[in-house]
Amino acid sequence: MMDDLVYLDHSATTPLAPEVLAAMMPYLTEHTGNPSSVHAVGRRARQASADARERMAAALGCQIEELVMTAGGTEADNLAIAGVARAGGSSGRHIVTSVIEHHAVLHACAALTAEGFEVTYLPVDRDGLVSPDDLAEAIRADTMLVTIMLANNEIGTVQAIAELAAIARERGVLFHTDAVQGVGQLDINVDTLGVDMLSLSAHKFYGPRGVGLLYARRGVELAPIIYGGGQELDRRSGTENVAGTVGMAVALATAQADRVSRAFDYTALREQLIEGISERGGEVIVTGHREKRLPSHASFCFQGINADSLVISLDLDGIETSSGSACTSGAVEVSHVIDALNLPAEYLAGSLRLTVGGANTPEQMPRAIDIICGHVERMRMLATRNRGKIAAN
Ligand code: PLP
């Protein structure tokens, strides 16, 4: 990365950690056997995969057979939802989720409605929190699955998963959480959370892209969504990605070991951003819950700003960020997450996400704040001037 570049998009993806690459390298270049092969080269690969799974099971507090390797968080979410629904372990055909889930969850749910399943979408409050009472009310006799994310990728709000999961499980309903954004910052022990299924994605915690896993508690029946040679105990076919599994295990172990210190450092950087931008960004709302949020996550809605243009201007100045809106055919499309927060209309197009990580330092933050607030001020001035011109015409 450029020396003066400030990467504030760690929720999108994180760089591969050097120790992760080093651990993967032998399985990309030297020990390249297929774990399903019976010969020595295959057995070596199988052993590496087994060791990696053991490490990951220890990090999550579960059994090795409860882990299913996938090609990322999207597939893990899809397998949890469609897998449970199609396994038909329960006679119910009702699923409960929230309106602010990642599309990996929302689109999987939508696909199931075409197969006769019914989905209830829980609302969130202005901070992005799901109400436990709403969940209790939404669960019906035919509910078979509740899926609610641990932490939101756009606004950083962290849900009370243990409380929500307890409500579902008291009623005998399976509970899945998309924990993709939480690893390395939040406790993801599956028993502490009290969940039946949990999804992870390695590239969000300094592991390789295209590698993830689903934890599925023993006894949870999953119909495969990918068919083939019956790998992963018949739950996910396809030749194993040994190097990816080894890399994810190293990244996960490091994420767990460094979780408390990372959370401390990230929170300090996040607070620099939130305080600086709240002070100097004019009419601006901090989105997400002020305390119950990911340590790494600062997000805002600026009044009267098109965040897509802001992100492009910031990129030209070496500040890498992302927005919660997309400009489609000239019209601003507000993300479903921002839309769910009931914010005043003039703030909706101005959603900016800043997510800190290992590459950031406290010294970078004042420069980022200066540049962000400078562009916001300039864009607002231009908008006022243009409005004046239109009025004069
Ligand atoms: N769930 C959440 C909350 C995410 O933020 C993401 C990625 O942005 C995903 C799922 C999808 O993960 P992947 O990119 O590994 O498919």
# chains A, B, ... in the order shown; residues from 1 in each chain; ligands from 1

call {"tool": "residues_near_ligand", "arguments": {"ligand": "ligand 1", "cutoff": "8 Å", "atoms": "only C-alpha atoms and all ligand atoms", "output": "PyMOL selection string"}}
result
chain A and resi 11-13+71-75+77+101-105+149+151-154+178-181+199-204+209-212

call {"tool": "residues_around", "arguments": {"residues": "range 351-365 of chain A", "least_positions_apart": "3", "cutoff": "7 Å", "atoms": "only C-alpha atoms", "output": "list in words"}}
result
Val6, Leu8, Asp9, His10, Ser11, Glu154, Tyr266, Leu269, Arg270, Gln272, Leu273, Ser296, His297, Ala298, Ser299, Phe300, Cys301, Phe302, Ala307, Thr321, Ser322, Ser323, Gly324, Ser325, Leu348, Ala368 and Ile369 of chain A

call {"tool": "residues_around", "arguments": {"residues": "Leu222 in chain A", "least_positions_apart": "5", "cutoff": "9 Å", "atoms": "only C-alpha atoms", "output": "list in words"}}
result
Leu79, Ala80, Ile81, Ala82, Gly83, Val84, Ala85, Arg86, Ala87, Gly88, Gly89, Ala216 and Arg235 of chain A

call {"tool": "select_by_dssp", "arguments": {"residues": "range 120-204 of chain A", "states": "strand (DSSP E)", "output": "list of chain:residue names"}}
result
A:Thr120, A:Tyr121, A:Leu122, A:Thr143, A:Met144, A:Leu145, A:Val146, A:Thr147, A:Leu174, A:Phe175, A:His176, A:Thr177, A:Asp178, A:Met197, A:Leu198, A:Ser199, A:Leu200, A:Ser201

call {"tool": "write_last_selection", "arguments": {"atoms": "N, CA and C atoms", "output": "PDB file, in the first residue's frame"}}
result
ATOM      1  N   THR A 120     -40.212 -13.820   8.565  1.00  0.00           N
ATOM      2  CA  THR A 120     -40.567 -12.592   9.285  1.00  0.00           C
ATOM      3  C   THR A 120     -39.297 -11.777   9.459  1.00  0.00           C
ATOM      4  N   TYR A 121     -39.352 -10.503   9.079  1.00  0.00           N
ATOM      5  CA  TYR A 121     -38.195  -9.611   9.189  1.00  0.00           C
ATOM      6  C   TYR A 121     -38.403  -8.674  10.373  1.00  0.00           C
ATOM      7  N   LEU A 122     -37.594  -8.836  11.421  1.00  0.00           N
ATOM      8  CA  LEU A 122     -37.744  -7.985  12.605  1.00  0.00           C
ATOM      9  C   LEU A 122     -37.193  -6.594  12.316  1.00  0.00           C
ATOM     10  N   THR A 143     -42.099 -22.000  13.661  1.00  0.00           N
ATOM     11  CA  THR A 143     -40.793 -21.377  13.395  1.00  0.00           C
ATOM     12  C   THR A 143     -39.708 -22.439  13.541  1.00  0.00           C
ATOM     13  N   MET A 144     -38.834 -22.524  12.532  1.00  0.00           N
ATOM     14  CA  MET A 144     -37.787 -23.547  12.614  1.00  0.00           C
ATOM     15  C   MET A 144     -36.403 -22.943  12.760  1.00  0.00           C
ATOM     16  N   LEU A 145     -36.265 -21.644  12.446  1.00  0.00           N
ATOM     17  CA  LEU A 145     -34.927 -21.038  12.493  1.00  0.00           C
ATOM     18  C   LEU A 145     -35.032 -19.544  12.760  1.00  0.00           C
ATOM     19  N   VAL A 146     -34.120 -19.057  13.637  1.00  0.00           N
ATOM     20  CA  VAL A 146     -33.934 -17.612  13.803  1.00  0.00           C
ATOM     21  C   VAL A 146     -32.506 -17.326  13.367  1.00  0.00           C
ATOM     22  N   THR A 147     -32.316 -16.323  12.518  1.00  0.00           N
ATOM     23  CA  THR A 147     -30.958 -15.946  12.102  1.00  0.00           C
ATOM     24  C   THR A 147     -30.780 -14.438  12.270  1.00  0.00           C
ATOM     25  N   LEU A 174     -33.994 -23.375  16.392  1.00  0.00           N
ATOM     26  CA  LEU A 174     -32.555 -23.239  16.115  1.00  0.00           C
ATOM     27  C   LEU A 174     -32.181 -21.774  15.924  1.00  0.00           C
ATOM     28  N   PHE A 175     -30.967 -21.423  16.387  1.00  0.00           N
ATOM     29  CA  PHE A 175     -30.516 -20.028  16.262  1.00  0.00           C
ATOM     30  C   PHE A 175     -29.177 -19.985  15.531  1.00  0.00           C
ATOM     31  N   HIS A 176     -29.138 -19.211  14.448  1.00  0.00           N
ATOM     32  CA  HIS A 176     -27.897 -18.994  13.682  1.00  0.00           C
ATOM     33  C   HIS A 176     -27.471 -17.538  13.814  1.00  0.00           C
ATOM     34  N   THR A 177     -26.160 -17.319  13.948  1.00  0.00           N
ATOM     35  CA  THR A 177     -25.673 -15.933  13.886  1.00  0.00           C
ATOM     36  C   THR A 177     -24.585 -15.799  12.843  1.00  0.00           C
ATOM     37  N   ASP A 178     -24.667 -14.723  12.064  1.00  0.00           N
ATOM     38  CA  ASP A 178     -23.617 -14.352  11.127  1.00  0.00           C
ATOM     39  C   ASP A 178     -22.620 -13.525  11.939  1.00  0.00           C
ATOM     40  N   MET A 197     -25.681 -22.329  15.372  1.00  0.00           N
ATOM     41  CA  MET A 197     -24.857 -22.204  14.159  1.00  0.00           C
ATOM     42  C   MET A 197     -24.227 -20.817  14.137  1.00  0.00           C
ATOM     43  N   LEU A 198     -23.047 -20.755  13.537  1.00  0.00           N
ATOM     44  CA  LEU A 198     -22.319 -19.475  13.482  1.00  0.00           C
ATOM     45  C   LEU A 198     -21.455 -19.460  12.221  1.00  0.00           C
ATOM     46  N   SER A 199     -21.480 -18.336  11.496  1.00  0.00           N
ATOM     47  CA  SER A 199     -20.696 -18.209  10.257  1.00  0.00           C
ATOM     48  C   SER A 199     -19.507 -17.289  10.451  1.00  0.00           C
ATOM     49  N   LEU A 200     -18.393 -17.649   9.812  1.00  0.00           N
ATOM     50  CA  LEU A 200     -17.167 -16.838   9.830  1.00  0.00           C
ATOM     51  C   LEU A 200     -16.624 -16.690   8.415  1.00  0.00           C
ATOM     52  N   SER A 201     -15.786 -15.684   8.220  1.00  0.00           N
ATOM     53  CA  SER A 201     -15.124 -15.507   6.931  1.00  0.00           C
ATOM     54  C   SER A 201     -13.693 -15.041   7.181  1.00  0.00           C
TER      55      SER A 201
END

call {"tool": "closest_residue", "arguments": {"among": "A:Leu135, A:Leu213, A:Ile277, A:Met379", "to": "Arg53 in chain A", "atoms": "only C-alpha atoms"}}
result
A:Leu213

call {"tool": "select_by_dssp", "arguments": {"residues": "range 38-281 of chain A", "states": "alpha helix (DSSP H)", "output": "compact mmCIF listing (two decimals) with N, CA and C atoms, in the first residue's frame"}}
result
# COMPACT_ATOMS: atom_id res chain seq x y z
N ALA A 40 0.68 -41.14 0.90
CA ALA A 40 1.35 -40.33 1.91
C ALA A 40 1.17 -38.83 1.68
N VAL A 41 1.22 -38.41 0.42
CA VAL A 41 1.08 -36.96 0.12
C VAL A 41 -0.32 -36.48 0.53
N GLY A 42 -1.30 -37.33 0.23
CA GLY A 42 -2.68 -37.01 0.63
C GLY A 42 -2.83 -37.01 2.14
N ARG A 43 -2.20 -38.00 2.77
CA ARG A 43 -2.33 -38.09 4.24
C ARG A 43 -1.72 -36.86 4.91
N ARG A 44 -0.66 -36.36 4.32
CA ARG A 44 0.00 -35.17 4.89
C ARG A 44 -0.97 -33.97 4.84
N ALA A 45 -1.63 -33.84 3.70
CA ALA A 45 -2.60 -32.74 3.55
C ALA A 45 -3.75 -32.93 4.54
N ARG A 46 -4.18 -34.18 4.69
CA ARG A 46 -5.30 -34.47 5.59
C ARG A 46 -4.92 -34.11 7.03
N GLN A 47 -3.67 -34.44 7.38
CA GLN A 47 -3.23 -34.14 8.74
C GLN A 47 -3.20 -32.62 8.99
N ALA A 48 -2.71 -31.87 7.98
CA ALA A 48 -2.63 -30.41 8.12
C ALA A 48 -4.03 -29.84 8.31
N SER A 49 -4.97 -30.35 7.53
CA SER A 49 -6.36 -29.89 7.63
C SER A 49 -6.94 -30.25 9.00
N ALA A 50 -6.63 -31.47 9.47
CA ALA A 50 -7.16 -31.90 10.78
C ALA A 50 -6.59 -31.04 11.90
N ASP A 51 -5.29 -30.74 11.82
CA ASP A 51 -4.67 -29.90 12.86
C ASP A 51 -5.30 -28.50 12.87
N ALA A 52 -5.53 -27.98 11.67
CA ALA A 52 -6.12 -26.64 11.56
C ALA A 52 -7.53 -26.62 12.16
N ARG A 53 -8.29 -27.67 11.88
CA ARG A 53 -9.66 -27.76 12.40
C ARG A 53 -9.65 -27.85 13.93
N GLU A 54 -8.66 -28.57 14.44
CA GLU A 54 -8.57 -28.71 15.90
C GLU A 54 -8.34 -27.34 16.55
N ARG A 55 -7.45 -26.55 15.92
CA ARG A 55 -7.17 -25.20 16.43
C ARG A 55 -8.42 -24.32 16.37
N MET A 56 -9.15 -24.44 15.28
CA MET A 56 -10.34 -23.58 15.13
C MET A 56 -11.45 -24.01 16.09
N ALA A 57 -11.57 -25.31 16.28
CA ALA A 57 -12.59 -25.81 17.22
C ALA A 57 -12.27 -25.29 18.63
N ALA A 58 -10.98 -25.28 18.97
CA ALA A 58 -10.58 -24.78 20.29
C ALA A 58 -10.92 -23.30 20.41
N ALA A 59 -10.69 -22.53 19.35
CA ALA A 59 -10.97 -21.08 19.39
C ALA A 59 -12.46 -20.80 19.55
N LEU A 60 -13.29 -21.66 18.97
CA LEU A 60 -14.75 -21.43 19.04
C LEU A 60 -15.39 -22.15 20.23
N GLY A 73 -17.96 -16.38 3.91
CA GLY A 73 -19.10 -16.09 4.77
C GLY A 73 -20.43 -16.26 4.06
N THR A 74 -20.48 -15.88 2.79
CA THR A 74 -21.74 -15.98 2.04
C THR A 74 -22.20 -17.43 1.99
N GLU A 75 -21.28 -18.32 1.66
CA GLU A 75 -21.66 -19.73 1.56
C GLU A 75 -22.04 -20.29 2.94
N ALA A 76 -21.32 -19.86 3.98
CA ALA A 76 -21.65 -20.35 5.33
C ALA A 76 -23.07 -19.91 5.72
N ASP A 77 -23.42 -18.66 5.43
CA ASP A 77 -24.78 -18.18 5.73
C ASP A 77 -25.82 -18.95 4.92
N ASN A 78 -25.53 -19.13 3.63
CA ASN A 78 -26.46 -19.86 2.76
C ASN A 78 -26.67 -21.29 3.26
N LEU A 79 -25.56 -21.93 3.65
CA LEU A 79 -25.66 -23.33 4.10
C LEU A 79 -26.47 -23.41 5.39
N ALA A 80 -26.23 -22.48 6.30
CA ALA A 80 -26.97 -22.49 7.58
C ALA A 80 -28.48 -22.41 7.32
N ILE A 81 -28.85 -21.46 6.47
CA ILE A 81 -30.28 -21.16 6.31
C ILE A 81 -30.96 -22.18 5.38
N ALA A 82 -30.42 -22.31 4.17
CA ALA A 82 -31.03 -23.25 3.23
C ALA A 82 -30.81 -24.68 3.70
N GLY A 83 -29.65 -24.94 4.33
CA GLY A 83 -29.34 -26.29 4.78
C GLY A 83 -30.33 -26.79 5.82
N VAL A 84 -30.61 -25.94 6.80
CA VAL A 84 -31.57 -26.33 7.85
C VAL A 84 -32.98 -26.41 7.26
N ALA A 85 -33.33 -25.42 6.45
CA ALA A 85 -34.69 -25.39 5.89
C ALA A 85 -34.95 -26.64 5.06
N ARG A 86 -33.98 -26.97 4.19
CA ARG A 86 -34.22 -28.08 3.26
C ARG A 86 -34.03 -29.44 3.90
N ALA A 87 -33.32 -29.48 5.06
CA ALA A 87 -33.15 -30.78 5.73
C ALA A 87 -34.50 -31.23 6.29
N HIS A 103 -26.78 -9.31 2.81
CA HIS A 103 -27.56 -9.93 1.72
C HIS A 103 -27.34 -11.44 1.65
N ALA A 104 -26.21 -11.93 2.18
CA ALA A 104 -25.99 -13.39 2.19
C ALA A 104 -27.10 -14.09 2.98
N VAL A 105 -27.65 -13.41 3.96
CA VAL A 105 -28.77 -13.95 4.75
C VAL A 105 -30.09 -13.58 4.09
N LEU A 106 -30.25 -12.29 3.77
CA LEU A 106 -31.55 -11.84 3.25
C LEU A 106 -31.90 -12.53 1.93
N HIS A 107 -30.92 -12.65 1.03
CA HIS A 107 -31.23 -13.27 -0.26
C HIS A 107 -31.43 -14.78 -0.14
N ALA A 108 -30.75 -15.40 0.84
CA ALA A 108 -30.99 -16.84 1.07
C ALA A 108 -32.43 -17.02 1.56
N CYS A 109 -32.86 -16.13 2.47
CA CYS A 109 -34.25 -16.20 2.98
C CYS A 109 -35.24 -15.97 1.84
N ALA A 110 -34.93 -14.97 1.00
CA ALA A 110 -35.84 -14.65 -0.11
C ALA A 110 -35.96 -15.85 -1.05
N ALA A 111 -34.85 -16.53 -1.30
CA ALA A 111 -34.88 -17.70 -2.20
C ALA A 111 -35.79 -18.79 -1.61
N LEU A 112 -35.77 -18.91 -0.29
CA LEU A 112 -36.58 -19.96 0.34
C LEU A 112 -38.08 -19.65 0.28
N THR A 113 -38.42 -18.37 0.22
CA THR A 113 -39.87 -18.06 0.13
C THR A 113 -40.44 -18.64 -1.16
N PRO A 132 -35.52 -7.91 21.92
CA PRO A 132 -35.82 -9.28 22.34
C PRO A 132 -37.33 -9.53 22.42
N ASP A 133 -38.10 -8.53 22.81
CA ASP A 133 -39.57 -8.70 22.88
C ASP A 133 -40.14 -8.96 21.49
N ASP A 134 -39.63 -8.22 20.51
CA ASP A 134 -40.10 -8.43 19.13
C ASP A 134 -39.81 -9.86 18.68
N LEU A 135 -38.62 -10.35 19.06
CA LEU A 135 -38.28 -11.72 18.66
C LEU A 135 -39.23 -12.71 19.33
N ALA A 136 -39.44 -12.54 20.64
CA ALA A 136 -40.31 -13.46 21.37
C ALA A 136 -41.70 -13.49 20.73
N GLU A 137 -42.16 -12.32 20.32
CA GLU A 137 -43.51 -12.23 19.72
C GLU A 137 -43.56 -12.87 18.33
N ALA A 138 -42.42 -12.78 17.61
CA ALA A 138 -42.42 -13.27 16.21
C ALA A 138 -42.34 -14.79 16.12
N ILE A 161 -26.73 -11.12 21.34
CA ILE A 161 -26.98 -12.45 20.75
C ILE A 161 -27.32 -13.49 21.81
N ALA A 162 -26.61 -13.47 22.96
CA ALA A 162 -26.87 -14.50 23.97
C ALA A 162 -28.33 -14.42 24.43
N GLU A 163 -28.83 -13.20 24.60
CA GLU A 163 -30.22 -13.02 25.05
C GLU A 163 -31.20 -13.45 23.96
N LEU A 164 -30.92 -13.08 22.72
CA LEU A 164 -31.81 -13.43 21.61
C LEU A 164 -31.80 -14.94 21.37
N ALA A 165 -30.60 -15.52 21.44
CA ALA A 165 -30.49 -16.97 21.20
C ALA A 165 -31.24 -17.75 22.28
N ALA A 166 -31.17 -17.26 23.52
CA ALA A 166 -31.85 -17.95 24.62
C ALA A 166 -33.37 -17.97 24.39
N ILE A 167 -33.89 -16.87 23.86
CA ILE A 167 -35.34 -16.81 23.59
C ILE A 167 -35.74 -17.88 22.56
N ALA A 168 -34.92 -17.99 21.51
CA ALA A 168 -35.24 -18.98 20.47
C ALA A 168 -35.11 -20.39 21.02
N ARG A 169 -34.03 -20.63 21.73
CA ARG A 169 -33.76 -22.01 22.16
C ARG A 169 -34.73 -22.47 23.24
N GLU A 170 -35.22 -21.52 24.07
CA GLU A 170 -36.27 -21.88 25.05
C GLU A 170 -37.50 -22.43 24.36
N VAL A 190 -18.99 -20.35 21.10
CA VAL A 190 -20.37 -20.70 20.71
C VAL A 190 -21.27 -21.00 21.91
N ASP A 191 -20.66 -21.45 23.02
CA ASP A 191 -21.47 -21.71 24.22
C ASP A 191 -21.81 -20.42 24.95
N THR A 192 -20.86 -19.48 25.01
CA THR A 192 -21.15 -18.19 25.64
C THR A 192 -22.28 -17.49 24.86
N LEU A 193 -22.20 -17.57 23.54
CA LEU A 193 -23.25 -16.94 22.72
C LEU A 193 -24.54 -17.76 22.77
N GLN A 231 -17.50 -34.59 0.80
CA GLN A 231 -16.55 -34.11 1.80
C GLN A 231 -17.30 -33.39 2.94
N GLU A 232 -16.56 -33.04 3.99
CA GLU A 232 -17.14 -32.33 5.15
C GLU A 232 -18.33 -33.10 5.73
N LEU A 233 -18.13 -34.43 5.87
CA LEU A 233 -19.18 -35.31 6.41
C LEU A 233 -20.50 -35.13 5.66
N ASP A 234 -20.38 -35.08 4.35
CA ASP A 234 -21.55 -34.99 3.46
C ASP A 234 -22.28 -33.65 3.52
N VAL A 242 -6.91 -26.90 1.43
CA VAL A 242 -6.06 -27.15 2.61
C VAL A 242 -5.30 -25.88 3.02
N ALA A 243 -4.68 -25.22 2.04
CA ALA A 243 -3.91 -24.01 2.37
C ALA A 243 -4.83 -22.97 3.02
N GLY A 244 -6.04 -22.83 2.48
CA GLY A 244 -7.00 -21.86 3.02
C GLY A 244 -7.41 -22.21 4.44
N THR A 245 -7.62 -23.51 4.69
CA THR A 245 -8.01 -23.97 6.02
C THR A 245 -6.88 -23.71 7.03
N VAL A 246 -5.65 -24.03 6.59
CA VAL A 246 -4.49 -23.80 7.46
C VAL A 246 -4.36 -22.30 7.76
N GLY A 247 -4.52 -21.48 6.73
CA GLY A 247 -4.41 -20.02 6.91
C GLY A 247 -5.50 -19.48 7.82
N MET A 248 -6.71 -19.96 7.63
CA MET A 248 -7.82 -19.47 8.47
C MET A 248 -7.57 -19.84 9.93
N ALA A 249 -7.02 -21.04 10.16
CA ALA A 249 -6.77 -21.46 11.55
C ALA A 249 -5.75 -20.56 12.23
N VAL A 250 -4.69 -20.21 11.51
CA VAL A 250 -3.67 -19.33 12.09
C VAL A 250 -4.28 -17.94 12.35
N ALA A 251 -5.03 -17.44 11.38
CA ALA A 251 -5.65 -16.12 11.53
C ALA A 251 -6.64 -16.11 12.70
N LEU A 252 -7.39 -17.21 12.84
CA LEU A 252 -8.39 -17.26 13.92
C LEU A 252 -7.72 -17.35 15.29
N ALA A 253 -6.66 -18.16 15.37
CA ALA A 253 -5.95 -18.29 16.65
C ALA A 253 -5.35 -16.94 17.05
N THR A 254 -4.78 -16.22 16.09
CA THR A 254 -4.20 -14.90 16.38
C THR A 254 -5.31 -13.92 16.77
N ALA A 255 -6.41 -13.98 16.04
CA ALA A 255 -7.53 -13.08 16.34
C ALA A 255 -8.02 -13.28 17.77
N GLN A 256 -8.10 -14.54 18.18
CA GLN A 256 -8.56 -14.84 19.54
C GLN A 256 -7.55 -14.37 20.57
N ALA A 257 -6.26 -14.67 20.30
CA ALA A 257 -5.22 -14.33 21.28
C ALA A 257 -5.10 -12.81 21.44
N ARG A 259 -7.47 -10.54 20.80
CA ARG A 259 -8.79 -9.88 20.75
C ARG A 259 -8.89 -8.69 21.71
N VAL A 260 -8.45 -8.87 22.93
CA VAL A 260 -8.64 -7.80 23.91
C VAL A 260 -7.76 -6.59 23.57
N SER A 261 -6.52 -6.85 23.19
CA SER A 261 -5.64 -5.70 22.87
C SER A 261 -6.08 -5.03 21.57
N ARG A 262 -6.53 -5.84 20.59
CA ARG A 262 -7.03 -5.24 19.34
C ARG A 262 -8.24 -4.34 19.64
N ALA A 263 -9.15 -4.87 20.45
CA ALA A 263 -10.37 -4.11 20.74
C ALA A 263 -10.01 -2.79 21.42
N PHE A 264 -9.03 -2.84 22.30
CA PHE A 264 -8.60 -1.63 23.02
C PHE A 264 -8.03 -0.60 22.03
N ASP A 265 -7.11 -1.06 21.18
CA ASP A 265 -6.46 -0.15 20.21
C ASP A 265 -7.48 0.40 19.21
N TYR A 266 -8.33 -0.48 18.69
CA TYR A 266 -9.29 -0.04 17.67
C TYR A 266 -10.28 0.97 18.26
N THR A 267 -10.70 0.71 19.51
CA THR A 267 -11.67 1.62 20.13
C THR A 267 -11.08 3.03 20.23
N ALA A 268 -9.80 3.12 20.58
CA ALA A 268 -9.18 4.44 20.70
C ALA A 268 -9.18 5.16 19.34
N LEU A 269 -8.86 4.42 18.27
CA LEU A 269 -8.85 5.03 16.92
C LEU A 269 -10.27 5.42 16.50
N ARG A 270 -11.20 4.52 16.76
CA ARG A 270 -12.61 4.77 16.42
C ARG A 270 -13.11 6.04 17.11
N GLU A 271 -12.76 6.18 18.38
CA GLU A 271 -13.23 7.34 19.12
C GLU A 271 -12.61 8.63 18.59
N GLN A 272 -11.35 8.56 18.14
CA GLN A 272 -10.73 9.74 17.51
C GLN A 272 -11.58 10.16 16.31
N LEU A 273 -11.96 9.17 15.51
CA LEU A 273 -12.75 9.48 14.30
C LEU A 273 -14.13 10.02 14.66
N ILE A 274 -14.80 9.34 15.60
CA ILE A 274 -16.18 9.75 15.93
C ILE A 274 -16.17 11.16 16.54
N GLU A 275 -15.24 11.39 17.47
CA GLU A 275 -15.21 12.70 18.11
C GLU A 275 -14.83 13.80 17.12
N GLY A 276 -13.79 13.54 16.33
CA GLY A 276 -13.31 14.55 15.37
C GLY A 276 -14.37 14.90 14.34
N ILE A 277 -15.03 13.88 13.80
CA ILE A 277 -15.99 14.12 12.73
C ILE A 277 -17.29 14.69 13.28
N SER A 278 -17.69 14.26 14.49
CA SER A 278 -18.91 14.83 15.09
C SER A 278 -18.70 16.32 15.35
N GLU A 279 -17.48 16.67 15.72
CA GLU A 279 -17.18 18.07 16.07
C GLU A 279 -17.10 18.95 14.82
N ARG A 280 -16.50 18.39 13.77
CA ARG A 280 -16.18 19.25 12.61
C ARG A 280 -16.97 18.95 11.35

call {"tool": "residues_around", "arguments": {"residues": "Lys292 in chain A", "least_positions_apart": "4", "cutoff": "8 Å", "atoms": "only C-alpha atoms", "output": "short mmCIF file (atom, residue, chain, number, x, y, z; two decimals) with all heavy atoms, in the first residue's frame"}}
result
data_model
loop_
_atom_site.label_atom_id
_atom_site.label_comp_id
_atom_site.auth_asym_id
_atom_site.auth_seq_id
_atom_site.Cartn_x
_atom_site.Cartn_y
_atom_site.Cartn_z
N THR A 157 -23.34 -1.95 14.85
CA THR A 157 -24.12 -2.30 16.05
C THR A 157 -23.97 -3.79 16.39
O THR A 157 -24.08 -4.65 15.51
CB THR A 157 -25.62 -1.96 15.84
OG1 THR A 157 -25.72 -0.55 15.67
CG2 THR A 157 -26.47 -2.39 17.02
N VAL A 158 -23.72 -4.05 17.68
CA VAL A 158 -23.56 -5.42 18.16
C VAL A 158 -24.86 -5.83 18.88
O VAL A 158 -25.31 -5.15 19.81
CB VAL A 158 -22.36 -5.52 19.14
CG1 VAL A 158 -22.23 -6.92 19.71
CG2 VAL A 158 -21.06 -5.12 18.43
N GLN A 159 -25.46 -6.92 18.43
CA GLN A 159 -26.72 -7.38 19.02
C GLN A 159 -26.47 -8.17 20.30
O GLN A 159 -25.39 -8.76 20.47
CB GLN A 159 -27.47 -8.29 18.04
CG GLN A 159 -27.76 -7.68 16.69
CD GLN A 159 -28.74 -6.52 16.74
OE1 GLN A 159 -29.50 -6.35 17.69
NE2 GLN A 159 -28.72 -5.69 15.70
#
